[in-house]
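Next comes work13.cif, with mmCIF, C-alpha atoms and all ligand atoms.
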data_my_file
loop_
_atom_site.group_PDB
_atom_site.id
_atom_site.type_symbol
_atom_site.label_atom_id
_atom_site.label_comp_id
_atom_site.auth_asym_id
_atom_site.auth_seq_id
_atom_site.Cartn_x
_atom_site.Cartn_y
_atom_site.Cartn_z
ATOM 1 C CA MET F 1 12.893 -106.647 60.923
ATOM 2 C CA THR F 2 15.562 -104.444 59.426
ATOM 3 C CA ASN F 3 13.526 -103.131 56.530
ATOM 4 C CA GLY F 4 10.229 -102.776 58.314
ATOM 5 C CA ASP F 5 11.038 -99.979 60.737
ATOM 6 C CA THR F 6 10.576 -97.084 58.364
ATOM 7 C CA ASN F 7 9.238 -93.901 59.895
ATOM 8 C CA GLY F 8 10.396 -91.461 57.239
ATOM 9 C CA THR F 9 13.767 -90.744 58.834
ATOM 10 C CA THR F 10 15.078 -94.151 59.750
ATOM 11 C CA ALA F 11 14.587 -96.355 56.743
ATOM 12 C CA GLY F 12 16.596 -99.589 56.695
ATOM 13 C CA PRO F 13 20.367 -99.354 56.638
ATOM 14 C CA LEU F 14 22.073 -98.202 53.464
ATOM 15 C CA LEU F 15 24.719 -100.880 53.770
ATOM 16 C CA ALA F 16 24.574 -103.984 55.916
ATOM 17 C CA ALA F 17 26.719 -107.021 56.544
ATOM 18 C CA HIS F 18 25.270 -110.025 58.298
ATOM 19 C CA ASP F 19 27.107 -113.053 59.643
ATOM 20 C CA LEU F 20 30.177 -112.429 57.513
ATOM 21 C CA VAL F 21 32.787 -115.141 57.314
ATOM 22 C CA LYS F 22 36.020 -114.659 55.400
ATOM 23 C CA SER F 23 39.283 -116.567 55.531
ATOM 24 C CA HIS F 24 42.646 -115.708 54.071
ATOM 25 C CA GLY F 25 44.180 -119.124 53.620
ATOM 26 C CA ARG F 26 43.973 -120.688 57.054
ATOM 27 C CA THR F 27 43.374 -117.425 58.876
ATOM 28 C CA GLU F 28 39.737 -116.758 59.692
ATOM 29 C CA ALA F 29 39.666 -112.972 59.438
ATOM 30 C CA LEU F 30 35.885 -112.650 59.894
ATOM 31 C CA ARG F 31 33.781 -114.981 61.982
ATOM 32 C CA GLY F 32 30.173 -113.839 61.885
ATOM 33 C CA ALA F 33 30.717 -110.061 61.771
ATOM 34 C CA ARG F 34 27.568 -108.009 61.546
ATOM 35 C CA VAL F 35 27.405 -104.265 60.925
ATOM 36 C CA GLU F 36 24.922 -101.751 59.563
ATOM 37 C CA LEU F 37 25.601 -98.313 58.123
ATOM 38 C CA ARG F 38 22.799 -95.810 57.757
ATOM 39 C CA ALA F 39 22.676 -93.143 55.036
ATOM 40 C CA GLY F 40 24.756 -90.126 56.037
ATOM 41 C CA GLU F 41 26.153 -91.805 59.131
ATOM 42 C CA ILE F 42 29.821 -91.831 60.131
ATOM 43 C CA LEU F 43 30.535 -95.230 61.640
ATOM 44 C CA ALA F 44 33.883 -96.131 63.169
ATOM 45 C CA VAL F 45 35.002 -99.755 63.124
ATOM 46 C CA SER F 46 37.719 -100.113 65.722
ATOM 47 C CA GLY F 47 39.604 -103.060 67.148
ATOM 48 C CA ALA F 48 43.072 -104.412 67.700
ATOM 49 C CA SER F 49 45.481 -105.178 64.900
ATOM 50 C CA GLY F 50 44.388 -108.356 63.140
ATOM 51 C CA SER F 51 40.799 -108.214 64.421
ATOM 52 C CA GLY F 52 39.468 -108.142 60.845
ATOM 53 C CA LYS F 53 38.709 -104.446 60.318
ATOM 54 C CA SER F 54 40.231 -104.121 56.848
ATOM 55 C CA THR F 55 38.728 -107.410 55.705
ATOM 56 C CA LEU F 56 35.303 -106.190 56.844
ATOM 57 C CA LEU F 57 35.795 -102.917 54.957
ATOM 58 C CA HIS F 58 36.858 -104.794 51.814
ATOM 59 C CA CYS F 59 33.751 -107.007 51.992
ATOM 60 C CA LEU F 60 31.443 -104.034 52.546
ATOM 61 C CA ALA F 61 33.025 -102.100 49.678
ATOM 62 C CA GLY F 62 32.610 -105.031 47.294
ATOM 63 C CA ILE F 63 36.380 -105.367 46.868
ATOM 64 C CA VAL F 64 36.403 -108.868 48.373
ATOM 65 C CA ARG F 65 33.589 -111.412 48.389
ATOM 66 C CA PRO F 66 32.834 -113.043 51.745
ATOM 67 C CA ASP F 67 32.918 -116.842 52.056
ATOM 68 C CA ALA F 68 29.559 -116.784 53.838
ATOM 69 C CA GLY F 69 27.038 -114.271 55.096
ATOM 70 C CA SER F 70 25.550 -111.357 53.194
ATOM 71 C CA VAL F 71 26.335 -107.796 52.217
ATOM 72 C CA THR F 72 23.369 -105.692 51.140
ATOM 73 C CA TYR F 73 23.500 -102.209 49.677
ATOM 74 C CA GLY F 74 20.218 -100.337 49.314
ATOM 75 C CA GLY F 75 18.477 -103.662 49.837
ATOM 76 C CA GLU F 76 20.415 -105.359 46.988
ATOM 77 C CA ARG F 77 22.775 -108.296 47.601
ATOM 78 C CA LEU F 78 26.190 -106.830 46.837
ATOM 79 C CA ASP F 79 27.978 -110.134 47.280
ATOM 80 C CA HIS F 80 25.833 -111.697 44.552
ATOM 81 C CA LEU F 81 26.424 -109.030 41.910
ATOM 82 C CA PRO F 82 28.447 -109.930 38.829
ATOM 83 C CA GLU F 83 31.903 -108.312 38.747
ATOM 84 C CA LYS F 84 30.991 -105.850 35.996
ATOM 85 C CA ARG F 85 27.999 -104.439 37.868
ATOM 86 C CA LEU F 86 30.004 -104.394 41.080
ATOM 87 C CA SER F 87 32.802 -102.306 39.600
ATOM 88 C CA GLU F 88 30.258 -99.935 38.106
ATOM 89 C CA LEU F 89 28.603 -99.539 41.504
ATOM 90 C CA ARG F 90 31.955 -98.992 43.192
ATOM 91 C CA ARG F 91 32.664 -96.222 40.692
ATOM 92 C CA THR F 92 29.305 -94.459 41.017
ATOM 93 C CA ASP F 93 28.346 -94.956 44.663
ATOM 94 C CA PHE F 94 31.527 -95.619 46.643
ATOM 95 C CA GLY F 95 34.710 -93.718 47.375
ATOM 96 C CA VAL F 96 37.770 -95.171 49.079
ATOM 97 C CA VAL F 97 40.690 -93.755 51.013
ATOM 98 C CA PHE F 98 43.454 -95.900 52.409
ATOM 99 C CA GLN F 99 46.234 -95.256 54.890
ATOM 100 C CA PHE F 100 48.534 -94.066 52.150
ATOM 101 C CA GLY F 101 46.201 -92.071 49.904
ATOM 102 C CA GLN F 102 47.387 -93.947 46.837
ATOM 103 C CA LEU F 103 47.281 -90.935 44.600
ATOM 104 C CA ILE F 104 48.842 -91.557 41.214
ATOM 105 C CA PRO F 105 52.405 -90.269 41.659
ATOM 106 C CA GLU F 106 52.832 -89.058 38.077
ATOM 107 C CA LEU F 107 49.691 -86.908 38.120
ATOM 108 C CA THR F 108 49.260 -83.501 39.737
ATOM 109 C CA ALA F 109 46.858 -83.137 42.669
ATOM 110 C CA LEU F 110 44.333 -81.529 40.337
ATOM 111 C CA ASP F 111 44.512 -84.341 37.774
ATOM 112 C CA ASN F 112 44.318 -86.996 40.498
ATOM 113 C CA VAL F 113 41.056 -85.509 41.747
ATOM 114 C CA ALA F 114 39.728 -84.903 38.211
ATOM 115 C CA LEU F 115 40.407 -88.499 37.165
ATOM 116 C CA PRO F 116 37.310 -90.216 38.689
ATOM 117 C CA LEU F 117 35.101 -87.588 37.054
ATOM 118 C CA MET F 118 36.763 -88.125 33.688
ATOM 119 C CA LEU F 119 36.390 -91.891 34.068
ATOM 120 C CA ALA F 120 32.693 -91.255 34.652
ATOM 121 C CA GLY F 121 32.477 -89.305 31.388
ATOM 122 C CA THR F 122 32.930 -85.675 32.458
ATOM 123 C CA GLY F 123 35.006 -83.580 30.030
ATOM 124 C CA ARG F 124 38.533 -82.609 31.087
ATOM 125 C CA THR F 125 37.912 -78.851 31.548
ATOM 126 C CA GLU F 126 34.789 -79.376 33.628
ATOM 127 C CA ALA F 127 36.436 -82.195 35.612
ATOM 128 C CA ARG F 128 39.467 -80.036 36.410
ATOM 129 C CA ALA F 129 37.268 -77.129 37.477
ATOM 130 C CA ARG F 130 35.298 -79.313 39.856
ATOM 131 C CA ALA F 131 38.470 -80.955 41.121
ATOM 132 C CA GLY F 132 39.838 -77.504 41.956
ATOM 133 C CA GLU F 133 36.719 -76.711 43.998
ATOM 134 C CA TRP F 134 37.109 -79.954 45.943
ATOM 135 C CA LEU F 135 40.781 -79.355 46.625
ATOM 136 C CA GLU F 136 39.789 -75.972 47.984
ATOM 137 C CA ARG F 137 37.126 -77.522 50.233
ATOM 138 C CA PHE F 138 39.815 -79.753 51.643
ATOM 139 C CA GLY F 139 42.194 -76.854 52.227
ATOM 140 C CA VAL F 140 44.796 -77.850 49.651
ATOM 141 C CA ARG F 141 44.505 -74.744 47.561
ATOM 142 C CA GLY F 142 47.765 -73.719 45.919
ATOM 143 C CA GLN F 143 48.843 -77.351 45.513
ATOM 144 C CA GLU F 144 46.850 -78.013 42.346
ATOM 145 C CA GLU F 145 49.933 -78.498 40.196
ATOM 146 C CA SER F 146 51.957 -80.393 42.834
ATOM 147 C CA ARG F 147 52.579 -84.091 42.415
ATOM 148 C CA PRO F 148 51.889 -86.276 45.478
ATOM 149 C CA GLY F 149 55.618 -86.504 46.280
ATOM 150 C CA GLU F 150 55.800 -82.721 46.464
ATOM 151 C CA MET F 151 53.046 -82.395 49.080
ATOM 152 C CA SER F 152 53.078 -83.084 52.807
ATOM 153 C CA GLY F 153 51.482 -86.342 53.958
ATOM 154 C CA GLY F 154 48.480 -84.433 55.293
ATOM 155 C CA GLN F 155 48.011 -82.468 52.078
ATOM 156 C CA ALA F 156 48.271 -85.620 49.977
ATOM 157 C CA GLN F 157 45.739 -87.368 52.202
ATOM 158 C CA ARG F 158 43.317 -84.445 51.961
ATOM 159 C CA ALA F 159 43.730 -84.556 48.168
ATOM 160 C CA ALA F 160 42.936 -88.293 48.371
ATOM 161 C CA LEU F 161 39.770 -87.423 50.302
ATOM 162 C CA ALA F 162 38.839 -84.894 47.622
ATOM 163 C CA ARG F 163 39.340 -87.620 45.027
ATOM 164 C CA ALA F 164 37.118 -90.011 47.019
ATOM 165 C CA LEU F 165 34.318 -87.465 47.370
ATOM 166 C CA VAL F 166 34.432 -85.603 44.049
ATOM 167 C CA THR F 167 31.946 -87.928 42.318
ATOM 168 C CA GLY F 168 29.360 -87.516 45.097
ATOM 169 C CA PRO F 169 29.453 -91.079 46.431
ATOM 170 C CA LYS F 170 26.851 -92.385 48.878
ATOM 171 C CA VAL F 171 29.515 -94.116 50.967
ATOM 172 C CA VAL F 172 33.177 -93.399 51.609
ATOM 173 C CA PHE F 173 35.311 -96.226 52.947
ATOM 174 C CA ALA F 174 38.294 -94.911 54.875
ATOM 175 C CA ASP F 175 40.851 -97.433 56.105
ATOM 176 C CA GLU F 176 43.154 -95.856 58.716
ATOM 177 C CA PRO F 177 43.070 -92.561 56.785
ATOM 178 C CA THR F 178 45.308 -90.869 59.362
ATOM 179 C CA GLY F 179 47.535 -93.868 60.043
ATOM 180 C CA ALA F 180 50.597 -92.371 58.379
ATOM 181 C CA LEU F 181 50.157 -88.819 59.712
ATOM 182 C CA ASP F 182 51.251 -86.942 62.813
ATOM 183 C CA SER F 183 48.457 -85.964 65.178
ATOM 184 C CA LEU F 184 47.949 -82.405 63.889
ATOM 185 C CA ALA F 185 47.756 -83.503 60.248
ATOM 186 C CA GLY F 186 45.510 -86.377 61.339
ATOM 187 C CA GLU F 187 43.132 -83.975 63.069
ATOM 188 C CA GLN F 188 43.001 -81.776 59.965
ATOM 189 C CA VAL F 189 42.214 -84.770 57.775
ATOM 190 C CA MET F 190 39.488 -86.038 60.114
ATOM 191 C CA THR F 191 37.936 -82.600 60.580
ATOM 192 C CA ALA F 192 37.803 -82.134 56.810
ATOM 193 C CA LEU F 193 36.379 -85.617 56.243
ATOM 194 C CA ALA F 194 33.697 -85.353 58.940
ATOM 195 C CA ARG F 195 32.634 -81.847 57.908
ATOM 196 C CA THR F 196 32.460 -82.627 54.212
ATOM 197 C CA ALA F 197 30.682 -85.934 54.713
ATOM 198 C CA ARG F 198 28.065 -84.203 56.870
ATOM 199 C CA GLU F 199 27.615 -81.360 54.378
ATOM 200 C CA SER F 200 27.128 -83.742 51.484
ATOM 201 C CA GLY F 201 25.167 -86.421 53.373
ATOM 202 C CA THR F 202 27.795 -89.043 52.570
ATOM 203 C CA ALA F 203 28.012 -92.057 54.864
ATOM 204 C CA VAL F 204 31.508 -92.974 56.044
ATOM 205 C CA LEU F 205 32.779 -96.330 57.162
ATOM 206 C CA LEU F 206 35.916 -95.452 59.065
ATOM 207 C CA VAL F 207 38.355 -98.177 60.056
ATOM 208 C CA THR F 208 40.716 -97.125 62.815
ATOM 209 C CA HIS F 209 42.510 -98.446 65.861
ATOM 210 C CA ASP F 210 42.843 -94.886 67.206
ATOM 211 C CA ALA F 211 40.230 -93.768 69.762
ATOM 212 C CA GLN F 212 40.813 -90.083 68.892
ATOM 213 C CA VAL F 213 39.963 -90.801 65.267
ATOM 214 C CA ALA F 214 36.940 -92.936 66.212
ATOM 215 C CA ALA F 215 35.659 -89.973 68.232
ATOM 216 C CA TYR F 216 34.802 -88.189 64.970
ATOM 217 C CA ALA F 217 32.185 -90.847 64.216
ATOM 218 C CA ASP F 218 28.494 -90.814 65.159
ATOM 219 C CA ARG F 219 28.755 -94.396 66.322
ATOM 220 C CA GLU F 220 31.436 -96.990 66.913
ATOM 221 C CA VAL F 221 31.534 -100.759 66.680
ATOM 222 C CA GLN F 222 34.451 -102.765 67.903
ATOM 223 C CA LEU F 223 35.733 -105.903 66.225
ATOM 224 C CA ARG F 224 37.315 -108.677 68.224
ATOM 225 C CA ASP F 225 38.567 -111.843 66.539
ATOM 226 C CA GLY F 226 36.484 -111.228 63.427
ATOM 227 C CA ALA F 227 33.174 -110.473 65.122
ATOM 228 C CA VAL F 228 31.583 -107.369 66.607
ATOM 229 C CA ALA F 229 32.250 -107.152 70.316
ATOM 230 C CA PRO F 230 29.892 -105.475 72.769
ATOM 231 C CA LEU F 231 31.191 -101.950 73.431
ATOM 232 C CA GLU F 232 32.691 -101.288 76.822
ATOM 233 C CA VAL F 233 31.190 -98.151 78.301
ATOM 234 C CA THR F 234 34.020 -95.861 79.304
ATOM 235 C CA ALA F 235 32.212 -92.635 80.110
HETATM 236 N N1 LIG I 1 45.728 -111.159 52.119
HETATM 237 C C1 LIG I 1 45.890 -111.830 53.263
HETATM 238 N N2 LIG I 1 46.530 -113.022 53.299
HETATM 239 C C2 LIG I 1 46.677 -113.717 54.445
HETATM 240 N N3 LIG I 1 46.203 -113.292 55.643
HETATM 241 C C3 LIG I 1 45.585 -112.109 55.675
HETATM 242 C C4 LIG I 1 45.382 -111.316 54.496
HETATM 243 N N4 LIG I 1 44.707 -110.185 54.846
HETATM 244 C C5 LIG I 1 44.505 -110.294 56.176
HETATM 245 N N5 LIG I 1 45.015 -111.430 56.681
HETATM 246 C C6 LIG I 1 44.939 -111.876 58.079
HETATM 247 O O1 LIG I 1 43.564 -111.808 58.479
HETATM 248 C C7 LIG I 1 43.463 -111.279 59.803
HETATM 249 C C8 LIG I 1 42.633 -110.013 59.781
HETATM 250 O O2 LIG I 1 43.333 -109.027 59.023
HETATM 251 P P1 LIG I 1 42.770 -107.562 58.789
HETATM 252 O O3 LIG I 1 43.797 -106.838 57.973
HETATM 253 O O4 LIG I 1 41.392 -107.625 58.284
HETATM 254 O O5 LIG I 1 42.758 -106.991 60.290
HETATM 255 P P2 LIG I 1 42.846 -105.490 60.804
HETATM 256 O O6 LIG I 1 42.032 -105.436 62.037
HETATM 257 O O7 LIG I 1 42.507 -104.553 59.707
HETATM 258 O O8 LIG I 1 44.398 -105.369 61.158
HETATM 259 P P3 LIG I 1 45.350 -104.068 61.120
HETATM 260 O O9 LIG I 1 44.772 -103.079 62.079
HETATM 261 O O10 LIG I 1 46.669 -104.619 61.575
HETATM 262 O O11 LIG I 1 45.369 -103.601 59.704
HETATM 263 C C9 LIG I 1 44.888 -111.072 60.294
HETATM 264 O O12 LIG I 1 45.259 -112.208 61.029
HETATM 265 C C10 LIG I 1 45.676 -110.955 59.020
HETATM 266 O O13 LIG I 1 47.020 -111.381 59.230
#
Represent the structure contained in this file as structure tokens.
Amino acid sequence: MTNGDTNGTTAGPLLAAHDLVKSHGRTEALRGARVELRAGEILAVSGASGSGKSTLLHCLAGIVRPDAGSVTYGGERLDHLPEKRLSELRRTDFGVVFQFGQLIPELTALDNVALPLMLAGTGRTEARARAGEWLERFGVRGQEESRPGEMSGGQAQRAALARALVTGPKVVFADEPTGALDSLAGEQVMTALARTARESGTAVLLVTHDAQVAAYADREVQLRDGAVAPLEVTA
């Protein structure tokens, strides 16, 4: 009974996927995947290339609808929500970071981070002030007026994290956030993400094939052929 085991600290999961099935054409990317994310938890989803990690993340984030199975967020069926409500929820409650931060190349770092706040109705001056604070939290001070192409990969990715977190989301979805970085820049990105998520109580669903990145998580599940595999105990 997922929702019955409340004891004040461990209410039901914030986000849960049960028996997810999703095909891309003839490829069955997910075959009964099941995963639960608790509020404030950092969960790593690992697995070999092609095991379905990104597809699972897209289903959980409401970017893609599964063919079968369920995705619930705060007890509500995400996969049944109409598109309009889903995009609203994605804007208010979710943040996303992909392998290449996907900052808008024409905008400065500051304006990239201010943008989600402005889309949510915050005035430009206030949005830029808050964006500056978040860039500072992520150690990219001094780069406010740089465009993404003028920053290092690590700086751009930390700015992308600031953009994902600036609106105070409940969940951040990070798909191989260090995949394009060298190991030092990757460590800086992961340290900043884990610290900030913990400080703000944000849950993180972290997709990675890198064990060193997964080590930043509180818990890890491994996907194999579109389903969660039992974890091999290595230590
Ligand atoms: N848009 C798509 N069209 C066709 N096939 C796809 C599409 N997206 C994913 N697939 C296929 O679905 C399977 C799962 O892909 P997915 O990207 O979810 O795995 P992954 O574990 O994230 O892989 P990687 O680590 O390489 O990114 C793979 O066989 C992939 O080729």
Just the number, please: distance in Å from atom CA of F:Ser23 to atom CA of F:Arg219, one decimal.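 Separating atom CA of F:Ser23 from atom CA of F:Arg219 is a distance of 26.8 Å.
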The centre and edge lengths of an axis-aligned box containing all atoms of ligand LIG 1 (chain I) present in the file, extended by 5 Å on each side, are to be given in Å to one decimal, as lines of an AutoDock Vina configuration file.
center_x = 44.2
center_y = -108.4
center_z = 57.1
size_x = 15.6
size_y = 20.6
size_z = 20.0
List as a ChimeraX atom specification the protein and nucleic acid residues lying within 7 Å of ligand LIG 1 (chain I), with only C-alpha atoms and all ligand atoms counted.
/F:24-25,27-29,47-56,209
Identify the residues around (47.4, -84.5, 42.0) within a radius of 7 Å, measuring from all atoms listed in the file in the coordinates stated by the file, and give them as a PDB file with C-alpha atoms, in the coordinates of the input.
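Once written, part28.pdb looks like this:
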ATOM      1  CA  LEU F 103      47.281 -90.935  44.600  1.00  0.00           C
ATOM      2  CA  LEU F 107      49.691 -86.908  38.120  1.00  0.00           C
ATOM      3  CA  THR F 108      49.260 -83.501  39.737  1.00  0.00           C
ATOM      4  CA  ALA F 109      46.858 -83.137  42.669  1.00  0.00           C
ATOM      5  CA  LEU F 110      44.333 -81.529  40.337  1.00  0.00           C
ATOM      6  CA  ASP F 111      44.512 -84.341  37.774  1.00  0.00           C
ATOM      7  CA  ASN F 112      44.318 -86.996  40.498  1.00  0.00           C
ATOM      8  CA  VAL F 113      41.056 -85.509  41.747  1.00  0.00           C
ATOM      9  CA  GLU F 144      46.850 -78.013  42.346  1.00  0.00           C
ATOM     10  CA  GLU F 145      49.933 -78.498  40.196  1.00  0.00           C
ATOM     11  CA  SER F 146      51.957 -80.393  42.834  1.00  0.00           C
ATOM     12  CA  ARG F 147      52.579 -84.091  42.415  1.00  0.00           C
ATOM     13  CA  PRO F 148      51.889 -86.276  45.478  1.00  0.00           C
TER      14      PRO F 148
END
Between F:Leu86, F:Ala17, F:Ala114, F:Ala156, which has the minimum distance to F:Gly186 (counting all atoms listed in the file)?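 Using all atoms listed in the file, F:Gly186 sits closest to F:Ala156.
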Residue nearest F:Val45 among F:Ala217, F:Val172, F:Ile104, F:Val207 (counting only C-alpha atoms)
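Comparing F:Ala217, F:Val172, F:Ile104, F:Val207 against F:Val45, the winner is F:Val207.
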Practice prompt. Go through F:Val166, F:Leu184, F:Leu15, F:Cys59 and flag the residue nearest F:Leu43, using only C-alpha atoms for the distances.
Written response: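 Result for the nearest residue to F:Leu43: F:Leu15.
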Step by step, work through what the PyMOL selection byres (((chain F and resi 227) around 7) and not hetatm) selects in the shown file, and finish by giving those residues as a PyMOL selection string. chain F and resi 30-33+223-226+228-229
Which residue gives the smallest distance to F:Thr178 among F:Gly153, F:Pro230, F:Gly75, F:Gly12, with all atoms listed in the file counted?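 Looking only at the distances to F:Thr178, the closest residue turns out to be F:Gly153.
Distances from F:Ala203, F:Leu57, F:Leu135, F:Leu181 to F:Gln99 were compared using all atoms listed in the file, and the smallest one belongs to F:Leu181.
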Can you patch up stretch 164-189 of chain F, filling it in to N, CA and C atoms, and show the result as a PDB file, keeping the file's coordinate frame?
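Writing the result to rebuild-v6.pdb gives the following:
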ATOM      1  N   ALA F 164      38.147 -89.034  46.631  1.00  0.00           N
ATOM      2  CA  ALA F 164      37.118 -90.011  47.019  1.00  0.00           C
ATOM      3  C   ALA F 164      35.720 -89.399  46.999  1.00  0.00           C
ATOM      4  N   LEU F 165      35.636 -88.084  47.230  1.00  0.00           N
ATOM      5  CA  LEU F 165      34.318 -87.465  47.370  1.00  0.00           C
ATOM      6  C   LEU F 165      33.840 -86.716  46.127  1.00  0.00           C
ATOM      7  N   VAL F 166      34.742 -86.496  45.175  1.00  0.00           N
ATOM      8  CA  VAL F 166      34.432 -85.603  44.049  1.00  0.00           C
ATOM      9  C   VAL F 166      33.252 -86.090  43.201  1.00  0.00           C
ATOM     10  N   THR F 167      33.038 -87.406  43.157  1.00  0.00           N
ATOM     11  CA  THR F 167      31.946 -87.928  42.318  1.00  0.00           C
ATOM     12  C   THR F 167      30.609 -87.975  43.068  1.00  0.00           C
ATOM     13  N   GLY F 168      30.603 -87.500  44.320  1.00  0.00           N
ATOM     14  CA  GLY F 168      29.360 -87.516  45.097  1.00  0.00           C
ATOM     15  C   GLY F 168      28.917 -88.906  45.495  1.00  0.00           C
ATOM     16  N   PRO F 169      29.828 -89.712  46.057  1.00  0.00           N
ATOM     17  CA  PRO F 169      29.453 -91.079  46.431  1.00  0.00           C
ATOM     18  C   PRO F 169      28.468 -91.103  47.597  1.00  0.00           C
ATOM     19  N   LYS F 170      27.762 -92.218  47.733  1.00  0.00           N
ATOM     20  CA  LYS F 170      26.851 -92.385  48.878  1.00  0.00           C
ATOM     21  C   LYS F 170      27.634 -92.836  50.108  1.00  0.00           C
ATOM     22  N   VAL F 171      28.718 -93.581  49.860  1.00  0.00           N
ATOM     23  CA  VAL F 171      29.515 -94.116  50.967  1.00  0.00           C
ATOM     24  C   VAL F 171      30.999 -93.904  50.683  1.00  0.00           C
ATOM     25  N   VAL F 172      31.714 -93.436  51.700  1.00  0.00           N
ATOM     26  CA  VAL F 172      33.177 -93.399  51.609  1.00  0.00           C
ATOM     27  C   VAL F 172      33.732 -94.412  52.594  1.00  0.00           C
ATOM     28  N   PHE F 173      34.629 -95.244  52.107  1.00  0.00           N
ATOM     29  CA  PHE F 173      35.311 -96.226  52.947  1.00  0.00           C
ATOM     30  C   PHE F 173      36.700 -95.683  53.236  1.00  0.00           C
ATOM     31  N   ALA F 174      36.997 -95.485  54.509  1.00  0.00           N
ATOM     32  CA  ALA F 174      38.294 -94.911  54.875  1.00  0.00           C
ATOM     33  C   ALA F 174      39.005 -95.880  55.809  1.00  0.00           C
ATOM     34  N   ASP F 175      40.116 -96.436  55.323  1.00  0.00           N
ATOM     35  CA  ASP F 175      40.851 -97.433  56.105  1.00  0.00           C
ATOM     36  C   ASP F 175      42.086 -96.782  56.709  1.00  0.00           C
ATOM     37  N   GLU F 176      42.057 -96.525  58.009  1.00  0.00           N
ATOM     38  CA  GLU F 176      43.154 -95.856  58.716  1.00  0.00           C
ATOM     39  C   GLU F 176      43.616 -94.616  57.937  1.00  0.00           C
ATOM     40  N   PRO F 177      42.687 -93.684  57.648  1.00  0.00           N
ATOM     41  CA  PRO F 177      43.070 -92.561  56.785  1.00  0.00           C
ATOM     42  C   PRO F 177      44.120 -91.647  57.403  1.00  0.00           C
ATOM     43  N   THR F 178      44.313 -91.735  58.718  1.00  0.00           N
ATOM     44  CA  THR F 178      45.308 -90.869  59.362  1.00  0.00           C
ATOM     45  C   THR F 178      46.503 -91.681  59.853  1.00  0.00           C
ATOM     46  N   GLY F 179      46.535 -92.949  59.496  1.00  0.00           N
ATOM     47  CA  GLY F 179      47.535 -93.868  60.043  1.00  0.00           C
ATOM     48  C   GLY F 179      48.978 -93.465  59.798  1.00  0.00           C
ATOM     49  N   ALA F 180      49.212 -92.718  58.710  1.00  0.00           N
ATOM     50  CA  ALA F 180      50.597 -92.371  58.379  1.00  0.00           C
ATOM     51  C   ALA F 180      50.906 -90.915  58.728  1.00  0.00           C
ATOM     52  N   LEU F 181      50.001 -90.257  59.477  1.00  0.00           N
ATOM     53  CA  LEU F 181      50.157 -88.819  59.712  1.00  0.00           C
ATOM     54  C   LEU F 181      50.463 -88.515  61.171  1.00  0.00           C
ATOM     55  N   ASP F 182      51.090 -87.363  61.418  1.00  0.00           N
ATOM     56  CA  ASP F 182      51.251 -86.942  62.813  1.00  0.00           C
ATOM     57  C   ASP F 182      49.887 -86.456  63.315  1.00  0.00           C
ATOM     58  N   SER F 183      49.799 -86.169  64.629  1.00  0.00           N
ATOM     59  CA  SER F 183      48.457 -85.964  65.178  1.00  0.00           C
ATOM     60  C   SER F 183      47.800 -84.692  64.654  1.00  0.00           C
ATOM     61  N   LEU F 184      48.565 -83.634  64.404  1.00  0.00           N
ATOM     62  CA  LEU F 184      47.949 -82.405  63.889  1.00  0.00           C
ATOM     63  C   LEU F 184      47.402 -82.634  62.478  1.00  0.00           C
ATOM     64  N   ALA F 185      48.214 -83.236  61.615  1.00  0.00           N
ATOM     65  CA  ALA F 185      47.756 -83.503  60.248  1.00  0.00           C
ATOM     66  C   ALA F 185      46.570 -84.463  60.279  1.00  0.00           C
ATOM     67  N   GLY F 186      46.606 -85.418  61.189  1.00  0.00           N
ATOM     68  CA  GLY F 186      45.510 -86.377  61.339  1.00  0.00           C
ATOM     69  C   GLY F 186      44.216 -85.682  61.729  1.00  0.00           C
ATOM     70  N   GLU F 187      44.324 -84.728  62.656  1.00  0.00           N
ATOM     71  CA  GLU F 187      43.132 -83.975  63.069  1.00  0.00           C
ATOM     72  C   GLU F 187      42.571 -83.181  61.903  1.00  0.00           C
ATOM     73  N   GLN F 188      43.470 -82.573  61.111  1.00  0.00           N
ATOM     74  CA  GLN F 188      43.001 -81.776  59.965  1.00  0.00           C
ATOM     75  C   GLN F 188      42.285 -82.671  58.948  1.00  0.00           C
ATOM     76  N   VAL F 189      42.835 -83.841  58.719  1.00  0.00           N
ATOM     77  CA  VAL F 189      42.214 -84.770  57.775  1.00  0.00           C
ATOM     78  C   VAL F 189      40.839 -85.201  58.286  1.00  0.00           C
TER      79      VAL F 189
END
